[in-house]
Amino acid sequence: MEPILELQDVKKSYGDFAAVSGVSMAVPPGSIFGLLGPNGAGKTTSIRMIMDIIAPDQGAIRFFGHPRTDKDLARIGYLPEERGLYRKMTVTDQLLFLAEIRGLPRREALPEIERWLERFELASWGKKKIEELSKGMQQKVQLIGTVLHKPDILILDEPFSGLDPLNQETFRDFLVESKRQGKSVLFSTHGMELAEKMCDHICLISHGRAVLTGELAQIKRRLSGNSYRLVAEGDLAKLNQVPGVEQVITQDRGAKLLLTPEADGADVLRQIVQFANVREFRSEEPELEEIFIKAVRDAA
Amino acid sequence: MRLDRVAVVAKREYLQRVKGKGFWIATLVLPLFLVAVTVVPSLLLSKSSTRQRVVVVDSTGEVAKELQTVLAAPPREDQREKGRSHPTASFEPTVEAMGPNPAAQREDLDRRVRTGAIDAWIWVDAKGLATNNVEYHAKNVANFVTQEILRDDLSTAVGRVRLRQAGFNQPEKIGELTQPIHLDTVRIAKEGSRAEGGMAGFAFAYGLFMMLYMTIAIWGQQVMTGVLEEKGSRIVEVLVSTVRPFDLLLGKLTGICLLGLTQIAIWFATLIALSAPGVAAAIVSLPEGVHLPTVTPLLAISFATYFILGFFVYATFYAAIGAAFNNLQEAQQVAALVVFFLIVPLFLMFRIVNDPDSTLAVVASLIPPFTPLLMTLRIALQPPPFWQIGLSYVLTLSFILGMVWISARIYRTGILMYGKKPTLQEIWRWVLYA
């Protein structure tokens, strides 16, 4: 399937400082894509290049299979890292402006705005000026402004920072729902727990370089070396003879099994239950956090 | 350029501002302020009428007598022309002969002023008259209107005395005989000759200058602060990822220009409503031979279009400045320079009035920042060839689009530059490499 958004060897330097030195990635349709990395890794610079706010020195960025055109703007929703709204405008006027500027006509935008304000519990704030709202509320207004025109891809720079846990959940639900509707989401974060729960694909950036890119499950499998933790009772000496098992490390109440790369965990389990009483058999996949730390260290 | 986006931006600028208090305060307060500084003082001056008790000490014996006659007579025509049909000061002269001891007499006069017995004293002697000087002593010597009347009347009195001494027997006829001459100016236009006020063209250009100046002073600043605000609030990142900076700035300028026009429309409507009866009466009662300046359709259209172009020309300067700097303080230092472009044509106006077809006039009126004022002036004075008018439109429009383009490039880079005040070289680099 053609990616919704594709970056090919994108580079950007400021003088001698290489902010982004060669990032390639592809956001498939209907996926949640996490752009991960420590502070100052080049996430925001990458997103700004994607959004054509700064021009890359080198490389290609393609939306929907072609370089971005004005027509594509209506299909993209963008939430910058540094939020900003017109302070003196009312919530409704502000949202109407953001919708109209992306080509959504007024009569379509107004009911949409009402629906969204309802959903984010801001219904009674429509006529209030932005400056009268709390920071969290402003953030919600900005999120609504990003999605009002029903874009096919959402590009969100640190969307969860500044939201309380309740609103984080509301917003997370919305992103998952968007994905189910076949839309794509790209968001940046340095919060690994959240990314682990939500992302199908990731690109890990460190010092301006993409150090890990791809489907999260695959990456984990690759990095785990296909190892499993087994808790079982029975004749565990037979474990060595199970096809696909490369190595057995005996542990308390069971063992750690290292499988051959092509072996399937489920097949191995079927073999084991024939001679042992299995209480627990789980993949020893590393947490995203561990992958992150290791990758960043390796890259340094 | 996406006109729909430009329109959305312009609409926001216009509606947000027209709904705000600032617009209405500026619209209502400025005329009130102008009335306050122009009409009120002259109103106060014309209402105040002082009567001064003056002692005239005259060694010649003749001047004082003549002065009494002059002061008693109704104001002369030339005095009325200066707006003094009702004299604002009148005098109650008492003539005293010069005593043997002038020093003691002067001291005594001073004392009488101090005690309030008299308001002032005038000292006329042959020595002073030889150098055309007469002394005036009073507690208050800053009452220039009173002094001017007294000086006029003294000049008349002294003049009459001198004429009589020179053998002219009818000194009271002197006013009549030395009336100033008025120049009746007649413009020779293609349609035929027609008498009109010689300064009409100048008045038009000057009117445009004042309108542009006020609009620019108010709304040019608004363009700049608007751009700065957007950068400050960071909404700019959403905007430039959605709208091209060129469209964004053009929309902003259009919205604010419409706002300026709205304001002027309100002013004109109010002015017409308030002054229509008076103006009609004035036109009806114009003396024979005096015509109001001709307003040809060309002049009317030029006035309106050059006003709009002028607004855009100057507003683009402000847009560029707003785009380049981070805060109002930095921007304002540079913004003061914009007025320079408005003042230069004002100086050139005086030269061009004398010779509207000179090379200087043609060249200067084709330089875009000067075109709105100078071309209007030339059209009012003596319509230039159409190719020059056409060329001026082409040049000015290109200039505006070029300036918006440059501003957009600066804006593009400037939005992501924080903290540091950029140098001119840096700004130029932004334009080249944005």
# chains A, B, ... in the order shown; residues from 1 in each chain; ligands from 1
$ interface_residues --of "chain B" --to "chain A" --cutoff "6 Å" --atoms "only C-alpha atoms" --output "PDB file with all heavy atoms, in the first residue's frame"
ATOM      1  N   ARG B   5      -8.187  31.978   0.145  1.00  0.00           N
ATOM      2  CA  ARG B   5      -7.460  32.064   1.417  1.00  0.00           C
ATOM      3  C   ARG B   5      -7.233  33.520   1.794  1.00  0.00           C
ATOM      4  O   ARG B   5      -7.403  33.904   2.946  1.00  0.00           O
ATOM      5  CB  ARG B   5      -6.100  31.369   1.302  1.00  0.00           C
ATOM      6  CG  ARG B   5      -6.178  29.925   0.912  1.00  0.00           C
ATOM      7  CD  ARG B   5      -6.176  29.004   2.139  1.00  0.00           C
ATOM      8  NE  ARG B   5      -6.872  27.765   1.876  1.00  0.00           N
ATOM      9  CZ  ARG B   5      -6.358  26.729   1.216  1.00  0.00           C
ATOM     10  NH1 ARG B   5      -5.148  26.792   0.746  1.00  0.00           N
ATOM     11  NH2 ARG B   5      -7.063  25.640   1.039  1.00  0.00           N
ATOM     12  N   SER B 233       2.264  34.862  19.381  1.00  0.00           N
ATOM     13  CA  SER B 233       1.335  33.861  19.908  1.00  0.00           C
ATOM     14  C   SER B 233       1.571  32.499  19.267  1.00  0.00           C
ATOM     15  O   SER B 233       0.945  31.526  19.627  1.00  0.00           O
ATOM     16  CB  SER B 233      -0.101  34.289  19.660  1.00  0.00           C
ATOM     17  OG  SER B 233      -0.495  33.925  18.365  1.00  0.00           O
ATOM     18  N   ARG B 234       2.473  32.434  18.313  1.00  0.00           N
ATOM     19  CA  ARG B 234       2.856  31.183  17.654  1.00  0.00           C
ATOM     20  C   ARG B 234       1.753  30.553  16.820  1.00  0.00           C
ATOM     21  O   ARG B 234       1.903  29.435  16.355  1.00  0.00           O
ATOM     22  CB  ARG B 234       3.362  30.142  18.663  1.00  0.00           C
ATOM     23  CG  ARG B 234       4.412  30.608  19.617  1.00  0.00           C
ATOM     24  CD  ARG B 234       5.597  31.222  18.954  1.00  0.00           C
ATOM     25  NE  ARG B 234       6.246  30.350  17.999  1.00  0.00           N
ATOM     26  CZ  ARG B 234       7.061  30.779  17.051  1.00  0.00           C
ATOM     27  NH1 ARG B 234       7.293  32.049  16.925  1.00  0.00           N
ATOM     28  NH2 ARG B 234       7.621  29.945  16.228  1.00  0.00           N
ATOM     29  N   ILE B 235       0.625  31.275  16.655  1.00  0.00           N
ATOM     30  CA  ILE B 235      -0.396  30.702  15.786  1.00  0.00           C
ATOM     31  C   ILE B 235       0.142  30.654  14.369  1.00  0.00           C
ATOM     32  O   ILE B 235      -0.341  29.936  13.504  1.00  0.00           O
ATOM     33  CB  ILE B 235      -1.702  31.516  15.828  1.00  0.00           C
ATOM     34  CG1 ILE B 235      -2.793  30.725  15.119  1.00  0.00           C
ATOM     35  CG2 ILE B 235      -1.533  32.895  15.222  1.00  0.00           C
ATOM     36  CD1 ILE B 235      -4.171  31.157  15.400  1.00  0.00           C
ATOM     37  N   SER B 241       1.598  26.798   7.697  1.00  0.00           N
ATOM     38  CA  SER B 241       1.500  25.445   7.167  1.00  0.00           C
ATOM     39  C   SER B 241       0.209  25.267   6.382  1.00  0.00           C
ATOM     40  O   SER B 241      -0.012  24.240   5.760  1.00  0.00           O
ATOM     41  CB  SER B 241       1.572  24.418   8.298  1.00  0.00           C
ATOM     42  OG  SER B 241       0.447  24.536   9.127  1.00  0.00           O
TER      43      SER B 241
END
$ atom_distance --atom1 "CA of Glu237 in chain B" --atom2 "CA of Pro159 in chain A"
14.9 Å
$ residues_around --residues "Lys11 in chain B" --least-positions-apart "6" --cutoff "9 Å" --atoms "only C-alpha atoms" --output "VMD selection string"
chain B and resid 251 to 252 254 to 255
$ write_last_selection --atoms "C-alpha atoms" --output "PDB file, in the first residue's frame"
ATOM      1  CA  GLY B 251      -5.111  39.134   3.220  1.00  0.00           C
ATOM      2  CA  LYS B 252      -3.967  40.965   6.300  1.00  0.00           C
ATOM      3  CA  THR B 254      -6.546  43.949   2.513  1.00  0.00           C
ATOM      4  CA  GLY B 255      -8.544  43.475   5.706  1.00  0.00           C
TER       5      GLY B 255
END
$ atom_distance --atom1 "CA of Leu156 in chain A" --atom2 "CA of Gly322 in chain B"
28.1 Å
$ select_by_dssp --residues "range 37-191 of chain A" --states "strand (DSSP E)" --output "PyMOL selection string"
chain A and resi 58-63+66-67+76-79+153-157+184-189
$ select_by_dssp --residues "range 185-238 of chain A" --states "helix (DSSP H, G or I)" --output "PyMOL selection string"
chain A and resi 192-198+216-224+236-238
$ write_last_selection --atoms "all heavy atoms" --output "short mmCIF file (atom, residue, chain, number, x, y, z; two decimals), in the first residue's frame"
data_model
loop_
_atom_site.label_atom_id
_atom_site.label_comp_id
_atom_site.auth_asym_id
_atom_site.auth_seq_id
_atom_site.Cartn_x
_atom_site.Cartn_y
_atom_site.Cartn_z
N MET A 192 7.63 7.12 26.27
CA MET A 192 7.66 5.80 25.64
C MET A 192 6.46 4.93 26.00
O MET A 192 5.99 4.14 25.19
CB MET A 192 8.94 5.06 26.05
CG MET A 192 10.17 5.67 25.48
SD MET A 192 10.06 5.81 23.69
CE MET A 192 10.56 7.50 23.48
N GLU A 193 5.95 5.12 27.20
CA GLU A 193 4.84 4.28 27.65
C GLU A 193 3.64 4.46 26.72
O GLU A 193 3.01 3.51 26.26
CB GLU A 193 4.47 4.68 29.07
CG GLU A 193 3.88 3.55 29.87
CD GLU A 193 3.56 4.02 31.28
OE1 GLU A 193 4.40 4.77 31.86
OE2 GLU A 193 2.48 3.70 31.76
N LEU A 194 3.36 5.73 26.44
CA LEU A 194 2.23 6.08 25.59
C LEU A 194 2.43 5.54 24.18
O LEU A 194 1.53 4.96 23.57
CB LEU A 194 2.13 7.61 25.56
CG LEU A 194 0.80 8.21 25.25
CD1 LEU A 194 -0.16 7.94 26.39
CD2 LEU A 194 0.95 9.70 25.04
N ALA A 195 3.65 5.72 23.68
CA ALA A 195 3.96 5.28 22.32
C ALA A 195 3.80 3.77 22.22
O ALA A 195 3.26 3.25 21.25
CB ALA A 195 5.38 5.70 21.96
N GLU A 196 4.26 3.07 23.26
CA GLU A 196 4.18 1.62 23.27
C GLU A 196 2.73 1.16 23.16
O GLU A 196 2.41 0.21 22.46
CB GLU A 196 4.81 1.09 24.56
CG GLU A 196 4.73 -0.41 24.69
CD GLU A 196 6.05 -0.98 25.17
OE1 GLU A 196 6.67 -0.35 26.04
OE2 GLU A 196 6.45 -2.03 24.65
N LYS A 197 1.84 1.86 23.87
CA LYS A 197 0.43 1.48 23.86
C LYS A 197 -0.23 1.77 22.53
O LYS A 197 -1.15 1.08 22.11
CB LYS A 197 -0.31 2.25 24.96
CG LYS A 197 -0.19 1.62 26.33
CD LYS A 197 -1.09 2.34 27.30
CE LYS A 197 -0.56 2.22 28.71
NZ LYS A 197 -0.97 3.34 29.55
N MET A 198 0.17 2.85 21.88
CA MET A 198 -0.61 3.33 20.74
C MET A 198 -0.04 3.03 19.37
O MET A 198 -0.78 2.87 18.41
CB MET A 198 -0.79 4.85 20.85
CG MET A 198 -1.62 5.27 22.05
SD MET A 198 -1.79 7.05 22.07
CE MET A 198 -2.66 7.30 20.56
N LEU A 216 6.43 -1.67 14.89
CA LEU A 216 6.89 -1.82 16.27
C LEU A 216 7.05 -3.30 16.65
O LEU A 216 8.06 -3.71 17.23
CB LEU A 216 5.93 -1.10 17.22
CG LEU A 216 6.31 -1.10 18.69
CD1 LEU A 216 7.68 -0.48 18.90
CD2 LEU A 216 5.28 -0.35 19.52
N ALA A 217 6.04 -4.11 16.30
CA ALA A 217 6.08 -5.53 16.68
C ALA A 217 7.31 -6.21 16.08
O ALA A 217 7.99 -6.98 16.75
CB ALA A 217 4.80 -6.22 16.21
N GLN A 218 7.58 -5.88 14.83
CA GLN A 218 8.74 -6.48 14.17
C GLN A 218 10.04 -6.06 14.83
O GLN A 218 10.94 -6.87 15.04
CB GLN A 218 8.77 -6.04 12.70
CG GLN A 218 8.21 -7.08 11.76
CD GLN A 218 8.19 -6.56 10.34
OE1 GLN A 218 8.91 -5.62 10.00
NE2 GLN A 218 7.36 -7.19 9.53
N ILE A 219 10.11 -4.80 15.13
CA ILE A 219 11.32 -4.28 15.77
C ILE A 219 11.56 -5.01 17.08
O ILE A 219 12.68 -5.44 17.38
CB ILE A 219 11.19 -2.76 16.02
CG1 ILE A 219 11.21 -2.01 14.70
CG2 ILE A 219 12.29 -2.25 16.94
CD1 ILE A 219 10.98 -0.53 14.82
N LYS A 220 10.49 -5.16 17.84
CA LYS A 220 10.63 -5.82 19.14
C LYS A 220 11.10 -7.24 18.96
O LYS A 220 12.00 -7.70 19.66
CB LYS A 220 9.28 -5.81 19.86
CG LYS A 220 8.94 -4.48 20.48
CD LYS A 220 7.69 -4.61 21.31
CE LYS A 220 7.52 -3.43 22.23
NZ LYS A 220 6.37 -3.61 23.10
N ARG A 221 10.50 -7.92 17.99
CA ARG A 221 10.87 -9.31 17.77
C ARG A 221 12.35 -9.39 17.37
O ARG A 221 13.10 -10.22 17.85
CB ARG A 221 10.00 -9.91 16.67
CG ARG A 221 9.61 -11.36 16.98
CD ARG A 221 8.59 -11.87 15.99
NE ARG A 221 7.38 -11.07 15.97
CZ ARG A 221 6.68 -10.81 14.86
NH1 ARG A 221 7.06 -11.27 13.70
NH2 ARG A 221 5.58 -10.10 14.92
N ARG A 222 12.71 -8.48 16.52
CA ARG A 222 14.09 -8.49 16.04
C ARG A 222 15.05 -8.27 17.19
O ARG A 222 16.06 -8.93 17.31
CB ARG A 222 14.25 -7.39 14.99
CG ARG A 222 15.46 -7.56 14.11
CD ARG A 222 15.44 -6.59 12.96
NE ARG A 222 15.68 -5.22 13.39
CZ ARG A 222 15.00 -4.16 12.93
NH1 ARG A 222 14.02 -4.33 12.05
NH2 ARG A 222 15.29 -2.96 13.36
N LEU A 223 14.70 -7.31 18.05
CA LEU A 223 15.62 -6.97 19.12
C LEU A 223 15.59 -7.97 20.27
O LEU A 223 16.55 -8.12 21.00
CB LEU A 223 15.31 -5.57 19.65
CG LEU A 223 15.63 -4.45 18.68
CD1 LEU A 223 15.32 -3.11 19.32
CD2 LEU A 223 17.07 -4.50 18.22
N SER A 224 14.46 -8.63 20.43
CA SER A 224 14.37 -9.58 21.54
C SER A 224 15.20 -10.83 21.25
O SER A 224 15.51 -11.60 22.13
CB SER A 224 12.93 -9.99 21.76
OG SER A 224 12.51 -10.82 20.69
N LEU A 236 11.70 -30.97 32.24
CA LEU A 236 12.21 -29.82 31.49
C LEU A 236 13.52 -30.13 30.75
O LEU A 236 13.96 -29.36 29.92
CB LEU A 236 12.41 -28.63 32.43
CG LEU A 236 11.12 -28.11 33.09
CD1 LEU A 236 11.40 -26.83 33.86
CD2 LEU A 236 10.00 -27.89 32.07
N ALA A 237 14.11 -31.27 31.03
CA ALA A 237 15.33 -31.65 30.31
C ALA A 237 15.04 -31.87 28.84
O ALA A 237 15.92 -31.75 27.99
CB ALA A 237 15.90 -32.92 30.93
N LYS A 238 13.73 -32.17 28.50
CA LYS A 238 13.37 -32.43 27.10
C LYS A 238 13.33 -31.15 26.26
O LYS A 238 13.20 -31.20 25.04
CB LYS A 238 11.98 -33.09 27.05
CG LYS A 238 12.00 -34.55 27.41
CD LYS A 238 10.60 -35.13 27.17
CE LYS A 238 10.57 -36.61 27.58
NZ LYS A 238 9.17 -37.06 27.68
#
$ residues_around --residues "range 273-289 of chain A" --least-positions-apart "5" --cutoff "6 Å" --atoms "only C-alpha atoms" --output "ChimeraX atom specification"
/A:192,220,224,227-234
$ write_last_selection --atoms "all heavy atoms" --output "PDB file, in the first residue's frame"
ATOM      1  N   MET A 192       7.625   7.118  26.274  1.00  0.00           N
ATOM      2  CA  MET A 192       7.657   5.800  25.645  1.00  0.00           C
ATOM      3  C   MET A 192       6.458   4.932  25.999  1.00  0.00           C
ATOM      4  O   MET A 192       5.994   4.141  25.191  1.00  0.00           O
ATOM      5  CB  MET A 192       8.938   5.057  26.051  1.00  0.00           C
ATOM      6  CG  MET A 192      10.171   5.673  25.485  1.00  0.00           C
ATOM      7  SD  MET A 192      10.063   5.815  23.694  1.00  0.00           S
ATOM      8  CE  MET A 192      10.559   7.498  23.482  1.00  0.00           C
ATOM      9  N   LYS A 220      10.491  -5.156  17.839  1.00  0.00           N
ATOM     10  CA  LYS A 220      10.626  -5.815  19.140  1.00  0.00           C
ATOM     11  C   LYS A 220      11.101  -7.242  18.963  1.00  0.00           C
ATOM     12  O   LYS A 220      12.005  -7.704  19.665  1.00  0.00           O
ATOM     13  CB  LYS A 220       9.276  -5.814  19.857  1.00  0.00           C
ATOM     14  CG  LYS A 220       8.941  -4.478  20.483  1.00  0.00           C
ATOM     15  CD  LYS A 220       7.691  -4.612  21.306  1.00  0.00           C
ATOM     16  CE  LYS A 220       7.517  -3.427  22.231  1.00  0.00           C
ATOM     17  NZ  LYS A 220       6.372  -3.613  23.104  1.00  0.00           N
ATOM     18  N   SER A 224      14.462  -8.632  20.428  1.00  0.00           N
ATOM     19  CA  SER A 224      14.373  -9.584  21.538  1.00  0.00           C
ATOM     20  C   SER A 224      15.204 -10.826  21.246  1.00  0.00           C
ATOM     21  O   SER A 224      15.508 -11.603  22.132  1.00  0.00           O
ATOM     22  CB  SER A 224      12.925  -9.988  21.762  1.00  0.00           C
ATOM     23  OG  SER A 224      12.507 -10.818  20.694  1.00  0.00           O
ATOM     24  N   SER A 227      13.250 -14.536  22.182  1.00  0.00           N
ATOM     25  CA  SER A 227      13.422 -15.286  23.439  1.00  0.00           C
ATOM     26  C   SER A 227      12.113 -15.317  24.224  1.00  0.00           C
ATOM     27  O   SER A 227      11.301 -14.385  24.120  1.00  0.00           O
ATOM     28  CB  SER A 227      14.544 -14.663  24.261  1.00  0.00           C
ATOM     29  OG  SER A 227      14.098 -13.483  24.879  1.00  0.00           O
ATOM     30  N   TYR A 228      11.908 -16.411  24.965  1.00  0.00           N
ATOM     31  CA  TYR A 228      10.669 -16.601  25.719  1.00  0.00           C
ATOM     32  C   TYR A 228      10.985 -16.995  27.151  1.00  0.00           C
ATOM     33  O   TYR A 228      11.996 -17.640  27.437  1.00  0.00           O
ATOM     34  CB  TYR A 228       9.798 -17.684  25.069  1.00  0.00           C
ATOM     35  CG  TYR A 228       9.123 -17.211  23.807  1.00  0.00           C
ATOM     36  CD1 TYR A 228       9.807 -17.214  22.598  1.00  0.00           C
ATOM     37  CD2 TYR A 228       7.803 -16.755  23.848  1.00  0.00           C
ATOM     38  CE1 TYR A 228       9.203 -16.763  21.442  1.00  0.00           C
ATOM     39  CE2 TYR A 228       7.193 -16.307  22.694  1.00  0.00           C
ATOM     40  CZ  TYR A 228       7.891 -16.308  21.487  1.00  0.00           C
ATOM     41  OH  TYR A 228       7.278 -15.864  20.360  1.00  0.00           O
ATOM     42  N   ARG A 229      10.089 -16.636  28.045  1.00  0.00           N
ATOM     43  CA  ARG A 229      10.214 -17.032  29.444  1.00  0.00           C
ATOM     44  C   ARG A 229       9.191 -18.142  29.691  1.00  0.00           C
ATOM     45  O   ARG A 229       8.004 -17.973  29.335  1.00  0.00           O
ATOM     46  CB  ARG A 229       9.927 -15.802  30.310  1.00  0.00           C
ATOM     47  CG  ARG A 229       9.518 -16.093  31.728  1.00  0.00           C
ATOM     48  CD  ARG A 229      10.736 -16.203  32.639  1.00  0.00           C
ATOM     49  NE  ARG A 229      10.298 -16.500  34.000  1.00  0.00           N
ATOM     50  CZ  ARG A 229      10.928 -17.318  34.810  1.00  0.00           C
ATOM     51  NH1 ARG A 229      12.021 -17.942  34.428  1.00  0.00           N
ATOM     52  NH2 ARG A 229      10.500 -17.520  36.033  1.00  0.00           N
ATOM     53  N   LEU A 230       9.646 -19.237  30.243  1.00  0.00           N
ATOM     54  CA  LEU A 230       8.755 -20.377  30.487  1.00  0.00           C
ATOM     55  C   LEU A 230       8.711 -20.674  31.974  1.00  0.00           C
ATOM     56  O   LEU A 230       9.742 -20.782  32.632  1.00  0.00           O
ATOM     57  CB  LEU A 230       9.267 -21.608  29.716  1.00  0.00           C
ATOM     58  CG  LEU A 230       8.565 -22.940  30.016  1.00  0.00           C
ATOM     59  CD1 LEU A 230       7.189 -22.973  29.341  1.00  0.00           C
ATOM     60  CD2 LEU A 230       9.415 -24.111  29.536  1.00  0.00           C
ATOM     61  N   VAL A 231       7.482 -20.811  32.526  1.00  0.00           N
ATOM     62  CA  VAL A 231       7.317 -21.301  33.898  1.00  0.00           C
ATOM     63  C   VAL A 231       6.514 -22.593  33.780  1.00  0.00           C
ATOM     64  O   VAL A 231       5.391 -22.566  33.253  1.00  0.00           O
ATOM     65  CB  VAL A 231       6.585 -20.276  34.783  1.00  0.00           C
ATOM     66  CG1 VAL A 231       6.386 -20.825  36.190  1.00  0.00           C
ATOM     67  CG2 VAL A 231       7.349 -18.954  34.831  1.00  0.00           C
ATOM     68  N   ALA A 232       7.099 -23.692  34.172  1.00  0.00           N
ATOM     69  CA  ALA A 232       6.413 -24.981  33.968  1.00  0.00           C
ATOM     70  C   ALA A 232       6.941 -26.038  34.928  1.00  0.00           C
ATOM     71  O   ALA A 232       8.023 -25.886  35.506  1.00  0.00           O
ATOM     72  CB  ALA A 232       6.627 -25.426  32.521  1.00  0.00           C
ATOM     73  N   GLU A 233       6.148 -27.087  35.086  1.00  0.00           N
ATOM     74  CA  GLU A 233       6.583 -28.246  35.876  1.00  0.00           C
ATOM     75  C   GLU A 233       6.597 -29.453  34.948  1.00  0.00           C
ATOM     76  O   GLU A 233       5.774 -29.535  34.042  1.00  0.00           O
ATOM     77  CB  GLU A 233       5.604 -28.496  37.027  1.00  0.00           C
ATOM     78  CG  GLU A 233       5.655 -27.433  38.113  1.00  0.00           C
ATOM     79  CD  GLU A 233       4.301 -27.190  38.744  1.00  0.00           C
ATOM     80  OE1 GLU A 233       3.373 -27.989  38.509  1.00  0.00           O
ATOM     81  OE2 GLU A 233       4.172 -26.182  39.463  1.00  0.00           O
ATOM     82  N   GLY A 234       7.528 -30.362  35.184  1.00  0.00           N
ATOM     83  CA  GLY A 234       7.591 -31.550  34.349  1.00  0.00           C
ATOM     84  C   GLY A 234       9.031 -31.831  33.950  1.00  0.00           C
ATOM     85  O   GLY A 234       9.986 -31.309  34.552  1.00  0.00           O
TER      86      GLY A 234
END
$ atom_distance --atom1 "CA of Ala361 in chain B" --atom2 "CA of Thr376 in chain B"
11.6 Å
$ residues_around --residues "Glu112 in chain A" --least-positions-apart "4" --cutoff "12 Å" --atoms "only C-alpha atoms" --output "NGL selection string"
:A and (92 or 95-96 or 99 or 104-108 or 116-119 or 123 or 144-145 or 147-150)
$ closest_residue --among "B:Gln222, B:Thr413, B:Ser358, B:Thr60" --to "Lys127 in chain B" --atoms "only C-alpha atoms"
B:Thr60
$ closest_residue --among "B:Val54, B:Ile352, B:Ala265, B:Leu259" --to "Gln16 in chain B" --atoms "only C-alpha atoms"
B:Leu259
$ residues_around --residues "range 161-166 of chain B" --least-positions-apart "5" --cutoff "10 Å" --atoms "only C-alpha atoms" --output "tab-separated table (two decimals) with N, CA and C atoms, in the first residue's frame"
chain	number	residue	atom	x	y	z
B	60	THR	N	5.51	113.51	20.54
B	60	THR	CA	5.26	114.22	19.27
B	60	THR	C	3.95	114.99	19.32
B	62	GLU	N	1.28	114.29	18.05
B	62	GLU	CA	0.40	114.03	16.89
B	62	GLU	C	-0.06	112.56	16.85
B	63	VAL	N	0.85	111.67	17.16
B	63	VAL	CA	0.55	110.24	17.02
B	63	VAL	C	-0.61	109.83	17.94
B	64	ALA	N	-0.54	110.30	19.19
B	64	ALA	CA	-1.57	109.91	20.14
B	64	ALA	C	-2.96	110.32	19.66
B	65	LYS	N	-3.04	111.53	19.13
B	65	LYS	CA	-4.33	112.04	18.66
B	65	LYS	C	-4.86	111.15	17.52
B	66	GLU	N	-3.94	110.86	16.60
B	66	GLU	CA	-4.33	110.04	15.44
B	66	GLU	C	-4.73	108.63	15.89
B	67	LEU	N	-3.99	108.13	16.89
B	67	LEU	CA	-4.27	106.78	17.39
B	67	LEU	C	-5.68	106.72	17.98
B	155	SER	N	0.52	101.46	13.55
B	155	SER	CA	1.14	101.65	12.23
B	155	SER	C	0.31	102.60	11.39
B	156	THR	N	-1.00	102.38	11.43
B	156	THR	CA	-1.89	103.25	10.66
B	156	THR	C	-1.75	104.71	11.14
B	171	PRO	N	-4.95	111.95	4.69
B	171	PRO	CA	-4.39	110.70	5.23
B	171	PRO	C	-5.46	109.64	5.50
B	174	ILE	N	-5.78	106.84	3.09
B	174	ILE	CA	-4.64	105.97	2.82
B	174	ILE	C	-5.00	104.49	2.74
$ residues_around --residues "Phe63 in chain A" --least-positions-apart "4" --cutoff "7 Å" --atoms "only C-alpha atoms" --output "VMD selection string"
chain A and resid 4 to 6 67 to 68
$ write_last_selection --atoms "N, CA and C atoms" --output "PDB file, in the first residue's frame"
ATOM      1  N   ILE A   4       1.035   7.155   3.099  1.00  0.00           N
ATOM      2  CA  ILE A   4       0.367   8.458   3.098  1.00  0.00           C
ATOM      3  C   ILE A   4       1.419   9.565   3.089  1.00  0.00           C
ATOM      4  N   LEU A   5       2.493   9.282   3.823  1.00  0.00           N
ATOM      5  CA  LEU A   5       3.568  10.276   3.934  1.00  0.00           C
ATOM      6  C   LEU A   5       4.890   9.534   3.881  1.00  0.00           C
ATOM      7  N   GLU A   6       5.807  10.084   3.122  1.00  0.00           N
ATOM      8  CA  GLU A   6       7.084   9.416   2.951  1.00  0.00           C
ATOM      9  C   GLU A   6       8.223  10.428   2.991  1.00  0.00           C
ATOM     10  N   PRO A  67       4.863  15.158  -4.235  1.00  0.00           N
ATOM     11  CA  PRO A  67       5.272  16.307  -3.421  1.00  0.00           C
ATOM     12  C   PRO A  67       4.038  17.125  -3.044  1.00  0.00           C
ATOM     13  N   ARG A  68       4.056  17.696  -1.855  1.00  0.00           N
ATOM     14  CA  ARG A  68       2.871  18.373  -1.329  1.00  0.00           C
ATOM     15  C   ARG A  68       2.425  19.526  -2.228  1.00  0.00           C
TER      16      ARG A  68
END
$ closest_residue --among "A:Gln139, A:Ile47, A:Val91, A:Phe292" --to "Gly126 in chain A" --atoms "only C-alpha atoms"
A:Val91
